[in-house]
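run-v4.cif follows; it contains mmCIF, C-alpha atoms.
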```cif
data_work
#
loop_
_atom_site.label_atom_id
_atom_site.label_comp_id
_atom_site.auth_asym_id
_atom_site.auth_seq_id
_atom_site.Cartn_x
_atom_site.Cartn_y
_atom_site.Cartn_z
CA MET A 1 -44.20 -20.59 24.34
CA ARG A 2 -42.12 -17.43 24.62
CA THR A 3 -40.17 -16.41 21.55
CA GLY A 4 -37.74 -13.59 20.93
CA VAL A 5 -37.94 -10.96 18.21
CA PRO A 6 -36.61 -12.91 15.21
CA ASN A 7 -35.14 -9.99 13.27
CA PHE A 8 -33.34 -8.37 16.20
CA VAL A 9 -29.79 -7.34 15.14
CA GLY A 10 -27.31 -7.79 17.98
CA SER A 11 -24.65 -5.54 16.46
CA ARG A 12 -27.10 -2.64 16.57
CA LEU A 13 -27.37 -3.06 20.33
CA THR A 14 -23.57 -2.95 20.61
CA GLU A 15 -23.57 0.18 18.46
CA ALA A 16 -26.30 1.87 20.50
CA ARG A 17 -24.55 1.07 23.77
CA ALA A 18 -21.32 2.64 22.47
CA ALA A 19 -23.19 5.70 21.21
CA ARG A 20 -24.66 6.34 24.65
CA GLY A 21 -21.32 5.95 26.41
CA ILE A 22 -22.30 2.74 28.22
CA SER A 23 -18.89 1.17 28.47
CA SER A 24 -19.79 -2.42 29.30
CA ARG A 25 -22.50 -5.00 28.81
CA LYS A 26 -22.77 -5.27 32.59
CA ALA A 27 -23.51 -1.55 32.85
CA LEU A 28 -26.37 -1.93 30.36
CA ALA A 29 -27.58 -5.07 32.11
CA ASP A 30 -27.80 -3.16 35.40
CA LEU A 31 -29.91 -0.46 33.73
CA ILE A 32 -32.49 -2.96 32.48
CA ASP A 33 -32.28 -5.41 35.39
CA LYS A 34 -30.95 -8.30 33.33
CA ALA A 35 -27.97 -10.61 33.69
CA PRO A 36 -24.78 -9.46 31.89
CA SER A 37 -24.69 -12.85 30.16
CA THR A 38 -28.13 -12.15 28.66
CA VAL A 39 -26.96 -8.84 27.16
CA SER A 40 -23.83 -10.60 25.85
CA ARG A 41 -25.94 -13.25 24.12
CA TRP A 42 -28.17 -10.55 22.60
CA GLU A 43 -25.20 -8.66 21.21
CA GLU A 44 -23.51 -11.81 19.93
CA GLY A 45 -26.72 -12.92 18.17
CA GLU A 46 -26.99 -16.09 20.23
CA LEU A 47 -30.35 -15.07 21.71
CA GLN A 48 -33.15 -12.75 20.62
CA PRO A 49 -34.76 -10.57 23.31
CA GLU A 50 -38.48 -10.74 23.93
CA PRO A 51 -40.64 -7.89 22.53
CA ALA A 52 -40.95 -6.33 26.01
CA ALA A 53 -37.17 -6.38 26.41
CA VAL A 54 -36.69 -4.69 23.03
CA GLU A 55 -39.12 -1.98 24.11
CA GLN A 56 -37.14 -1.57 27.31
CA LEU A 57 -33.85 -1.30 25.40
CA ALA A 58 -35.38 1.31 23.11
CA GLN A 59 -36.52 3.37 26.07
CA VAL A 60 -33.23 3.17 27.98
CA LEU A 61 -31.11 3.91 24.90
CA ASN A 62 -33.53 6.55 23.54
CA LEU A 63 -33.87 4.93 20.13
CA PRO A 64 -36.90 3.69 18.14
CA VAL A 65 -37.58 -0.04 18.17
CA PRO A 66 -37.01 -0.30 14.36
CA TYR A 67 -33.41 0.78 14.93
CA PHE A 68 -32.65 -2.64 16.42
CA LEU A 69 -34.37 -4.52 13.61
CA VAL A 70 -32.45 -3.23 10.60
CA GLY A 71 -28.85 -4.22 9.95
CA SER A 72 -26.37 -2.29 7.82
CA SER A 73 -24.30 -3.51 4.89
CA ARG A 74 -22.34 -0.25 4.76
CA LYS A 75 -18.62 -0.52 4.08
CA GLN A 76 -17.12 2.15 6.31
CA GLY A 77 -13.47 3.15 6.02
CA THR A 78 -11.05 3.91 8.84
CA SER A 79 -12.08 6.69 11.21
CA PHE A 80 -9.34 9.21 11.99
CA PHE A 81 -9.02 10.74 15.47
CA ARG A 82 -6.57 13.32 16.80
CA SER A 83 -5.69 11.11 19.78
CA LEU A 84 -5.41 7.38 20.39
CA GLN A 85 -5.01 7.68 24.17
CA SER A 86 -6.48 4.65 25.91
CA ALA A 87 -8.34 7.00 28.27
CA LEU A 88 -10.37 8.25 25.32
CA LYS A 89 -11.44 4.81 24.08
CA MET A 90 -15.04 5.26 25.21
CA HIS A 91 -15.30 8.74 23.65
CA ARG A 92 -13.82 7.48 20.37
CA GLY A 93 -16.36 4.67 20.35
CA MET A 94 -19.19 7.13 20.91
CA GLN A 95 -18.10 9.41 18.10
CA LYS A 96 -17.37 6.60 15.66
CA VAL A 97 -21.01 5.56 15.99
CA GLN A 98 -22.13 9.19 15.53
CA LEU A 99 -20.17 9.27 12.26
CA SER A 100 -21.89 6.03 11.18
CA TRP A 101 -25.27 7.51 12.10
CA LEU A 102 -24.46 10.59 10.04
CA MET A 103 -23.95 8.28 7.07
CA GLU A 104 -27.31 6.59 7.76
CA ILE A 105 -29.09 9.94 7.87
CA THR A 106 -27.49 10.95 4.58
CA ASP A 107 -28.52 7.66 2.94
CA ALA A 108 -32.14 8.28 3.94
CA LEU A 109 -32.11 11.88 2.68
CA GLU A 110 -30.69 10.83 -0.68
CA GLU A 111 -33.91 8.93 -1.29
CA PHE A 112 -35.58 12.35 -1.51
CA ALA A 113 -32.91 14.75 -2.75
CA GLU A 114 -29.68 14.84 -4.71
CA LEU A 115 -26.76 16.04 -2.62
CA PRO A 116 -23.78 17.83 -4.19
CA GLY A 117 -21.45 15.43 -5.97
CA VAL A 118 -18.08 14.71 -4.40
CA GLN A 119 -15.43 16.88 -6.03
CA LEU A 120 -12.15 15.22 -5.08
CA PRO A 121 -9.63 14.23 -7.79
CA ALA A 122 -8.83 10.53 -7.48
CA ASP A 123 -5.12 11.04 -8.20
CA ILE A 124 -4.52 14.01 -5.91
CA CYS A 125 -1.99 11.99 -3.87
CA ASP A 126 -0.15 9.31 -5.84
CA GLY A 127 1.42 6.42 -3.96
CA GLY A 128 1.04 5.43 -0.34
CA PHE A 129 1.02 7.82 2.60
CA LEU A 130 4.49 6.71 3.76
CA ALA A 131 5.97 8.00 0.51
CA LEU A 132 4.55 11.51 0.94
CA ARG A 133 7.06 14.31 1.37
CA ASP A 134 6.28 17.82 2.60
CA GLU A 135 6.44 19.13 -0.97
CA ASP A 136 3.94 16.46 -2.09
CA ILE A 137 1.49 17.57 0.60
CA GLU A 138 1.95 21.22 -0.37
CA ARG A 139 1.21 20.35 -4.01
CA ALA A 140 -1.86 18.34 -3.04
CA ALA A 141 -3.27 21.28 -1.06
CA MET A 142 -2.70 23.67 -3.98
CA ARG A 143 -4.15 21.17 -6.46
CA LEU A 144 -7.34 20.98 -4.43
CA ARG A 145 -7.54 24.78 -4.19
CA GLU A 146 -7.30 24.95 -7.97
CA GLU A 147 -9.92 22.22 -8.46
CA TRP A 148 -12.32 24.11 -6.19
CA GLY A 149 -11.65 27.49 -7.79
CA LEU A 150 -10.17 28.98 -4.64
CA GLY A 151 -6.93 30.21 -6.15
CA SER A 152 -4.60 31.52 -3.45
CA LYS A 153 -7.10 33.73 -1.65
CA PRO A 154 -8.24 33.30 1.98
CA ILE A 155 -10.97 30.73 2.61
CA LEU A 156 -13.63 32.58 4.57
CA ASN A 157 -15.59 29.48 5.65
CA VAL A 158 -13.93 26.08 5.32
CA VAL A 159 -17.03 24.20 6.49
CA ARG A 160 -19.16 25.72 3.72
CA THR A 161 -16.40 25.05 1.19
CA LEU A 162 -16.32 21.36 2.13
CA GLU A 163 -20.11 21.05 1.94
CA ASP A 164 -20.13 22.65 -1.51
CA ALA A 165 -17.64 19.97 -2.60
CA GLY A 166 -19.98 17.15 -1.54
CA ILE A 167 -18.34 16.38 1.81
CA VAL A 168 -20.96 15.91 4.52
CA VAL A 169 -20.00 17.84 7.66
CA ALA A 170 -21.64 17.78 11.09
CA SER A 171 -20.74 19.05 14.54
CA ASP A 172 -21.46 17.61 17.96
CA LEU A 173 -20.46 17.88 21.59
CA MET A 174 -17.80 15.25 22.23
CA GLU A 175 -17.69 15.74 26.01
CA THR A 176 -13.90 16.03 25.98
CA THR A 177 -11.46 18.68 24.74
CA LYS A 178 -9.07 15.90 23.71
CA LEU A 179 -11.05 15.15 20.54
CA ASP A 180 -11.32 17.89 17.91
CA GLY A 181 -13.11 15.84 15.29
CA LEU A 182 -13.02 12.72 13.19
CA SER A 183 -13.50 11.79 9.57
CA GLY A 184 -13.92 8.82 7.30
CA TRP A 185 -15.27 7.54 4.01
CA ASP A 186 -18.52 5.72 3.41
CA GLU A 187 -17.12 3.39 0.78
CA SER A 188 -20.60 2.19 -0.12
CA SER A 189 -21.57 5.62 -1.43
CA ALA A 190 -18.01 6.86 -2.09
CA ARG A 191 -18.69 9.96 -0.01
CA PRO A 192 -16.48 11.41 2.76
CA PHE A 193 -17.85 12.55 6.11
CA ILE A 194 -16.50 14.85 8.83
CA LEU A 195 -17.74 15.23 12.40
CA LEU A 196 -16.33 18.26 14.23
CA ALA A 197 -16.28 18.88 17.97
CA SER A 198 -18.34 21.75 19.36
CA ASP A 199 -16.61 21.69 22.76
CA LYS A 200 -14.93 25.06 23.50
CA GLN A 201 -14.57 25.83 19.82
CA SER A 202 -13.73 29.08 18.06
CA PHE A 203 -14.13 30.11 14.43
CA ALA A 204 -10.40 29.94 13.67
CA ARG A 205 -9.95 26.62 15.44
CA ARG A 206 -12.83 25.11 13.50
CA GLN A 207 -11.27 26.36 10.26
CA PHE A 208 -8.10 24.43 11.05
CA ASP A 209 -9.89 21.33 12.39
CA ALA A 210 -12.01 21.09 9.24
CA ALA A 211 -8.93 21.49 7.02
CA HIS A 212 -7.10 18.87 9.10
CA GLU A 213 -9.88 16.33 8.56
CA LEU A 214 -9.90 17.21 4.86
CA GLY A 215 -6.22 16.23 4.84
CA HIS A 216 -7.12 12.76 6.13
CA ILE A 217 -9.84 12.43 3.50
CA VAL A 218 -7.48 13.40 0.69
CA MET A 219 -4.34 11.52 1.78
CA HIS A 220 -5.40 8.61 3.98
CA ARG A 221 -8.44 6.97 2.41
CA ARG A 222 -6.60 3.63 1.99
CA VAL A 223 -5.02 3.62 5.45
CA GLY A 224 -6.20 0.68 7.55
CA GLU A 225 -6.66 0.48 11.32
CA ALA A 226 -3.33 -1.33 11.81
CA ASP A 227 -1.39 1.30 9.84
CA LEU A 228 -3.16 4.09 11.69
CA GLU A 229 -2.06 2.70 15.04
CA LYS A 230 1.48 1.98 13.86
CA HIS A 231 2.07 5.29 12.06
CA PHE A 232 -0.30 7.53 14.00
CA ARG A 233 2.14 10.40 14.55
CA THR A 234 3.19 10.49 10.89
CA ILE A 235 -0.42 10.47 9.73
CA GLU A 236 -1.37 13.29 12.10
CA ASP A 237 1.66 15.38 11.10
CA GLN A 238 0.71 14.97 7.44
CA ALA A 239 -2.85 16.16 8.12
CA HIS A 240 -1.49 19.16 10.06
CA ARG A 241 0.81 20.04 7.17
CA PHE A 242 -2.01 19.73 4.66
CA ALA A 243 -4.29 21.96 6.75
CA ALA A 244 -1.61 24.65 7.02
CA ALA A 245 -0.86 24.53 3.29
CA PHE A 246 -4.55 24.56 2.38
CA LEU A 247 -5.36 27.54 4.62
CA LEU A 248 -2.14 29.53 4.11
CA PRO A 249 -0.83 28.82 0.59
CA ALA A 250 2.92 29.13 0.18
CA ASP A 251 2.66 31.24 -2.98
CA GLN A 252 0.61 34.05 -1.39
CA TYR A 253 0.52 34.10 2.40
CA PRO A 254 4.28 34.83 2.89
CA LEU A 255 3.99 37.85 0.57
CA GLU A 256 1.65 39.48 3.08
CA VAL A 257 3.93 38.94 6.08
CA ALA A 258 5.63 42.34 6.30
CA GLU A 259 6.98 41.69 9.80
CA VAL A 260 6.66 38.77 12.18
CA THR A 261 5.13 40.18 15.36
CA LEU A 262 2.02 39.18 17.28
CA TRP A 263 0.35 42.40 16.16
CA SER A 264 1.00 41.70 12.47
CA LEU A 265 -0.18 38.09 12.88
CA GLU A 266 -3.37 39.37 14.50
CA ARG A 267 -3.95 41.57 11.45
CA LEU A 268 -3.31 38.60 9.16
CA LYS A 269 -5.68 36.48 11.24
CA SER A 270 -8.45 38.95 10.43
CA ARG A 271 -7.81 38.48 6.71
CA TRP A 272 -6.90 34.77 6.47
CA LYS A 273 -9.24 33.48 9.22
CA VAL A 274 -6.41 31.38 10.71
CA SER A 275 -5.29 31.52 14.34
CA ILE A 276 -2.13 33.32 15.40
CA LYS A 277 -0.71 30.07 16.79
CA ALA A 278 -1.27 28.20 13.52
CA GLN A 279 0.38 31.06 11.64
CA ILE A 280 3.51 30.76 13.80
CA VAL A 281 3.71 27.07 12.91
CA ARG A 282 3.23 27.88 9.23
CA LEU A 283 5.94 30.57 9.24
CA LYS A 284 8.37 28.03 10.68
CA GLN A 285 7.33 25.41 8.08
CA LEU A 286 8.10 27.91 5.32
CA ASN A 287 11.47 28.85 6.92
CA ILE A 288 10.40 32.47 7.31
CA ILE A 289 11.30 32.24 11.00
CA ASP A 290 13.68 29.90 12.80
CA GLU A 291 13.12 27.90 15.98
CA GLU A 292 14.49 30.66 18.22
CA HIS A 293 12.14 33.26 16.73
CA ALA A 294 9.20 30.88 17.07
CA VAL A 295 9.99 30.30 20.76
CA ARG A 296 10.04 34.07 21.39
CA LEU A 297 6.65 34.40 19.70
CA TYR A 298 5.18 31.55 21.74
CA ARG A 299 6.42 33.16 24.96
CA ALA A 300 4.87 36.48 24.02
CA TYR A 301 1.70 34.62 23.00
CA SER A 302 1.42 32.99 26.44
CA ALA A 303 2.29 36.23 28.24
CA LYS A 304 -0.65 37.97 26.57
CA GLY A 305 -3.01 35.20 27.66
CA TYR A 306 -3.75 34.12 24.09
CA SER A 307 -3.60 30.45 25.12
CA LYS A 308 -7.00 30.98 26.75
CA GLY A 309 -8.44 32.93 23.84
CA GLU A 310 -7.01 34.89 20.93
CA PRO A 311 -8.19 38.26 19.65
CA LEU A 312 -11.38 37.97 17.53
CA ASP A 313 -12.30 34.58 19.04
CA ASP A 314 -15.07 36.24 21.06
CA VAL A 315 -16.26 38.23 18.04
CA TRP A 316 -16.53 35.74 15.21
CA GLU A 317 -19.63 33.54 15.30
CA LEU A 318 -18.88 29.83 15.06
CA GLN A 319 -19.59 28.52 11.57
CA GLU A 320 -21.97 25.56 11.61
CA PRO A 321 -22.65 22.93 8.93
CA SER A 322 -25.91 23.56 7.09
CA LEU A 323 -26.09 21.14 4.14
CA LEU A 324 -28.22 18.44 5.75
CA SER A 325 -30.55 20.87 7.52
CA ASP A 326 -31.02 22.73 4.23
CA VAL A 327 -31.87 19.43 2.51
CA ILE A 328 -34.41 18.51 5.20
CA HIS A 329 -36.07 21.94 5.08
CA THR A 330 -36.30 21.68 1.27
CA ILE A 331 -37.86 18.19 1.43
CA VAL A 332 -40.52 19.42 3.86
CA GLU A 333 -41.17 22.92 2.55
CA VAL A 334 -40.66 22.51 -1.19
CA GLY A 335 -41.22 18.78 -1.58
CA ASP A 336 -44.41 19.02 0.49
CA THR A 337 -43.44 16.03 2.65
CA ALA A 338 -44.86 15.93 6.17
CA LYS A 339 -42.28 15.87 8.95
CA GLN A 340 -43.63 12.66 10.43
CA GLU A 341 -43.66 11.02 7.01
CA LEU A 342 -40.01 11.95 6.54
CA LEU A 343 -39.16 10.72 10.03
CA GLU A 344 -40.48 7.26 9.13
CA HIS A 345 -37.65 6.87 6.60
CA PHE A 346 -35.03 6.97 9.37
CA THR A 347 -34.19 4.23 11.85
CA LEU A 348 -32.88 6.86 14.28
CA GLY A 349 -35.06 8.95 16.54
CA ALA A 350 -35.90 12.60 16.03
CA SER A 351 -33.54 13.87 18.74
CA ASP A 352 -30.46 12.24 17.19
CA ILE A 353 -31.37 13.43 13.71
CA GLU A 354 -31.95 16.98 14.95
CA ARG A 355 -28.64 16.98 16.81
CA LEU A 356 -26.51 15.68 13.93
CA THR A 357 -28.16 17.85 11.25
CA ARG A 358 -28.20 21.05 13.35
CA LEU A 359 -31.98 21.28 13.35
CA PRO A 360 -33.55 23.01 16.37
CA ARG A 361 -34.41 20.67 19.20
CA GLY A 362 -38.00 19.48 18.82
CA TRP A 363 -38.16 20.50 15.15
CA PHE A 364 -39.82 17.27 14.02
CA ALA A 365 -42.53 17.64 16.66
CA ASN A 366 -43.42 21.21 15.68
CA GLU A 367 -45.91 21.52 12.86
CA PRO A 368 -45.35 24.36 10.35
CA ALA A 369 -47.41 27.47 10.97
CA ARG A 370 -50.73 27.72 9.17
CA VAL A 371 -50.67 30.10 6.21
CA VAL A 372 -53.13 32.92 6.83
CA ARG A 373 -54.17 35.49 4.24
CA LEU A 374 -54.36 39.07 5.45
CA ARG A 375 -57.17 41.41 4.43
CA ASP A 376 -56.31 44.16 2.00
CA TYR A 377 -57.39 47.49 3.54
CA ARG A 378 -55.84 49.68 0.85
#
```
Just give me the structure as C-alpha cells.
Amino acid sequence: MRTGVPNFVGSRLTEARAARGISSRKALADLIDKAPSTVSRWEEGELQPEPAAVEQLAQVLNLPVPYFLVGSSRKQGTSFFRSLQSALKMHRGMQKVQLSWLMEITDALEEFAELPGVQLPADICDGGFLALRDEDIERAAMRLREEWGLGSKPILNVVRTLEDAGIVVASDLMETTKLDGLSGWDESSARPFILLASDKQSFARRQFDAAHELGHIVMHRRVGEADLEKHFRTIEDQAHRFAAAFLLPADQYPLEVAEVTLWSLERLKSRWKVSIKAQIVRLKQLNIIDEEHAVRLYRAYSAKGYSKGEPLDDVWELQEPSLLSDVIHTIVEVGDTAKQELLEHFTLGASDIERLTRLPRGWFANEPARVVRLRDYR
C-alpha cells in the first residue's frame, strides 16, 4: 500500500513555489510531470505526496526535504512595498517569502547567540497613522535620533545604524527596479526586519531606502493589509517624509545650505550622504525653495545626466548588512561549532542562507583552513 509523507506541510510548498517565482500550480506541475490537481491537493493539505515526489520537489525547488516537513507558527505583520502594481504581484510574493525566510534564519541563530536588543520606543508615534501630521513625523524622526544618540549629525551608514538598534537587515536581488525594498515585523519575536534591493543600487539610494523602511517600522506596525491597500499613497508619503527628516534633520541641515545650486547640493551630499535629488525634495518640504525653484533644479539635474547617476555614486562602495554574517562567523570561529552542524539547525538550504546573510557563495561547503605553526628561525 502506497502512503504519502504524513508530516508534509502543504503551505510550505506554496511558499517555496512563490519564492522561486513559479506563478502557478500548473507551472510547478509541468516541471515535475504531475497533474495540476495533484499539486493543488498537496498545497491544500488534502493529499500528502509520496517520498519520491517530496524528493523531486526538493530538487526542483532547490530546498532540503526537511523544509517541507516543518510548519511555522510565526505571527508575521504586514509587509510594506514601494509599489502595489498588479504587474509586480509575482515579485512581491517572492520577496515576501524571502523576508519570512530571513526571520527563520534569525530564529535559528538566536539559539546560539544573543542578537542586539530592539531599541525602538513603543510610544514614538501616538495614535493611528491617519492622524499623523508632517510635524508629528518630523518629531518622531528627531526622537529616534535622540534615542540612538545620533544628535543632528549626518548618519554615515544607515544600514549599520539599524543593525546596531536590533533591526535585522538583508539585501537581495529583486529582479526588478520597481521594488526598492520591503519591511515588516516578526510579531512572535517582536523584532523588525528589512530586506533591501541590490538591483542598480547606489550608496545614497540605499541610505534613503533603509530610512524609508525604518519609517514603516516606526509608524505603520499596526497597519493591516486592507488599510495598506486603501491608504497606500498616504502610507508611502509618510515613510518618505520620515526618511527625509531622519537623514536631513530640520534643526541642522538647513543651516548648512548657503546657496541652493546643484554644486552646493553635491558638496552637501558628500557630507550628509544623501542624494542631490532627495535634498531638493527636502528643501521644498522645509520651504527653503518654492515649486518654481525646485523645477529649475530638476531641469538642471536632468540636463547634467544625473538621472542616470549622480556624482560620487561610482565612488562610494555600497554598504551591505553584516549583522547575521558576523553572528554566523562568531558561532563557527569562536563558538567552535562545525559549519555542517550549524547548517542542520536550519530548514533552508546553504545557498539561500548564504544569499540572505551575505556570506560568500559556497561558504558552508568550505572547511576552515588548517592552523599550521611556523618554525622559528630567529
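Proximity to Glu44 in chain A was assessed for A:Pro116, A:Gly184, A:Gly77, A:Gly10 counting all atoms listed in the file; the smallest distance is recorded for A:Gly10.
The shortest atom-to-atom distance to Val257 in chain A, with all atoms listed in the file taken into account, belongs to A:Ile289 out of A:Ala338, A:Ala365, A:Leu356, A:Ile289.
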Practice problem: Pick out the closest residue to Gln119 in chain A from this set: A:Pro311, A:Pro64, A:Pro51, A:Pro192. Count all atoms listed in the file. | Solution: A:Pro192
Quiz item: Within 10 Å of range 328-337 of chain A, counting only C-alpha atoms, which residues qualify if same-chain residues fewer than 3 places away don't, as a list in words?
Solution: Leu109, Phe112, Ala113, Leu323, Leu324, Ser325, Gln340, Glu341, Leu342, Thr357, Leu359 and Pro368 of chain A
Exercise. Have a look at A:Ser264, A:Glu163, A:Val65, A:Met174 and name the one nearest to Ala52 in chain A; count only C-alpha atoms.
Key: A:Val65
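The set of residues that the PyMOL selection byres ((chain A and resi 244) around 9) takes from this file is Glu138, Ala141, Phe208, Ala211, His212, Ala239, His240, Arg241, Phe242, Ala243, Ala245, Phe246, Leu247, Leu248, Pro249, Ala278, Gln279, Val281 and Arg282 of chain A.
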Contact residues around Phe232 in chain A with only C-alpha atoms at 10 Å, ignoring same-chain residues under 5 positions, as a PDB file with C-alpha atoms, keeping the file's coordinate frame:
```
ATOM      1  CA  PHE A  80      -9.340   9.210  11.990  1.00  0.00           C
ATOM      2  CA  PHE A  81      -9.020  10.740  15.470  1.00  0.00           C
ATOM      3  CA  ARG A  82      -6.570  13.320  16.800  1.00  0.00           C
ATOM      4  CA  SER A  83      -5.690  11.110  19.780  1.00  0.00           C
ATOM      5  CA  LEU A  84      -5.410   7.380  20.390  1.00  0.00           C
ATOM      6  CA  GLU A 225      -6.660   0.480  11.320  1.00  0.00           C
ATOM      7  CA  ALA A 226      -3.330  -1.330  11.810  1.00  0.00           C
ATOM      8  CA  ASP A 227      -1.390   1.300   9.840  1.00  0.00           C
ATOM      9  CA  ASP A 237       1.660  15.380  11.100  1.00  0.00           C
ATOM     10  CA  GLN A 238       0.710  14.970   7.440  1.00  0.00           C
TER      11      GLN A 238
END
```
Extending 5 Å beyond the listed atoms of range 87-104 of chain A on each side, what axis-aligned box results? I want centre and edge lengths in Å to one decimal, as lines of an AutoDock Vina configuration file.
```
center_x = -17.8
center_y = 7.6
center_z = 17.7
size_x = 29.0
size_y = 15.9
size_z = 31.2
```
Exercise. Translate the PyMOL selection byres ((chain A and resi 166) around 10), as applied to the file shown, into an explicit residue set as a PyMOL selection string.
Key: chain A and resi 115-120+161-165+167-169+191-193+323
